[in-house]
Structure formats: structure tokens, C-alpha cells
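These notes concern the structure reproduced below.
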Amino acid sequence: MSVFTAPRSILAALLILWSAAGALSQTGAEGQGGLTEALPSEQSLLAYANRPITILRARVLANRPAQRVAAAIAHLDQLVDNNQTSPVTSRVEKGVAFIRVADRDVFTLVPADLDVLAGETLDQKRAEAVERLSRALAEAVELHTPGRLFRAISRALAATAAFALVLFLIRRLYYRITRYLNPGYRV
């Protein structure tokens, strides 16, 4: 681990634990001035590799949604750098959804993150986040592995060359068969 990623990963882990502990201890106490609250003006889009994952609305302990997003992105960057991008799973404990990548919690979804007026449920939002995060991580790995992209380009060029060779051979065969069947015919 480099000098710069260690503090970042420690910060991300502490933030996740802090938000999870606050959310677990506050189950059922939203709206009572507790540790988890959602303000309509505060929401932040969690996006990774130019893919929207989910919208975080809840303030967990002292962490605003934007701070939760920053911690999740830092954690995801570390996982991609270490090539630990699968499987993306989730678990729900006491009304809090933990989104995990490679057996590590990346971010949490609490009931205050839901848009109840739009009919969102925790299970629906959790499943959507897992599916979108899987796709985003797959694309991030693709961007971080130019050798893989080079091999794909090489295969495409080889297939194109093989196709051109087959067309050339078919055309030569056509001319030979035409000359054999019609000796006086000029193609």
C-alpha cells in the first residue's frame, strides 16, 4: 500500500463503520432528532466510472450525503487499484443495507436515503445499487487494464484480416473455376 492510499482507506473504513454504527443504533428513530436524518435539500449522487449508482439523502451522524459519497468513491478507487472488484453483494441488518465489494463494506443505505414519495423500498434501492455498481466496476477495470483492450483490438484486427483473406481466396477460386469451365472466357 502506498503512503497516500493508507490514510484514504482508513478514513473510508472509519466513515463506513461510523455511518453503519449510527444507523444501526438509530433504527426506528428517524425524525426524532436522532443520528440519521434526511433533509430535502441535501442529497448527493453516488456515481462511479461515469455511472450513476444511487442517490444518498441521509445525514448519518455528522456526515452529510456528499461526505458519504466521497468516502465511498475513495473506497471504490482503492478496491479498483487493488483489482478487488467482484463480487458485488449486499446484506440487510436491522433496516440498514450494506453494499459490499469483495467482502468489504463500501457504503450503506439507510431508510432516510429512500424517496418514499416515489415508492422506493430499501430492497429495491439496494438491488438497483448492486446491479449498477457491478456494471460500473466492470467498466472501471476495463479502463485500468489497457493490455486487455489491446488484446481485444488485436483479435478484431486478426478477424478482419482473416475475413479479407477468405474473400480474396473465394474470388481467386471463382476466377479459376470460371476459366476452367469456359476456357475462352475472359473475366
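Labels for the C-alpha cells follow display order: chains A, B, ..., residues from 1 in each chain, ligands from 1.
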
Rows by chain and residue number, region 56-139 of chain A within 10 Å of region 143-156 of chain A, shortest pair, only C-alpha atoms, as CSV:
residue,atom,partner,partner_atom,distance
A:Val80,CA,A:His144,CA,8.2
A:Asp81,CA,A:His144,CA,8.2
A:Asn83,CA,A:His144,CA,9.3
A:Leu137,CA,A:Leu143,CA,9.7
A:Ala138,CA,A:Leu143,CA,8.8
A:Glu139,CA,A:Leu143,CA,6.3

Polymer residues at most 8 Å from region 131-134 of chain A, only C-alpha atoms, same-chain spacing of 5 or more positions, as number ranges by chain: A: 48, 51-53, 86-88

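Among the candidates A:Phe168, A:Phe107, A:Phe163, A:Tyr180, the one nearest to Gln67 (chain A) when counting only C-alpha atoms is A:Phe107.
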
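Of the residues in region 74-119 of chain A, those that DSSP places in alpha helix (DSSP H) on the basis of the backbone are Ala74, His75, Leu76, Asp77, Gln78, Leu79, Val80 and Asp81 of chain A.
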
d(CA of Arg126 (chain A), CA of Arg59 (chain A)) in Å: 17.8 Å

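Residues of region 55-156 of chain A assigned to strand (DSSP E) by DSSP on this structure's backbone: Ile55, Leu56, Ala58, Arg59, Val60, Val88, Thr89, Ser90, Arg91, Val92, Glu93, Val96, Ala97, Phe98, Ile99, Arg100, Val101, Arg104, Asp105, Val106, Phe107, Thr108 and Leu109 of chain A.
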
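Our summary of the geometry notes that CA of Lys94 (chain A) is positioned 28.2 Å from CA of Asp77 (chain A).
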
Spatial neighbours of Leu122 (chain A), max dist 12 Å, only C-alpha atoms, sep filter under 6 positions, as a list in words: Thr54, Ser90, Arg91, Val92, Glu93, Lys94, Gly95, Val96, Ala97, Phe98, Ile99, Thr108, Leu109, Val110, Pro111, Ala112, Asp113, Leu114, Asp115, Val116, Glu128 and Ala129 of chain A

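A straight line drawn from CA of Ala162 (chain A) to CA of Ile177 (chain A) is 22.3 Å long.
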
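Distances from A:Val101, A:Ala49, A:Leu61, A:Ala118 to Thr85 (chain A) were compared using only C-alpha atoms, and the smallest one belongs to A:Val101.
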
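Each of A:Val60, A:Val166, A:Ala140, A:Ala102 was compared to Gln84 (chain A) using only C-alpha atoms, and A:Ala102 turns out to be the nearest.
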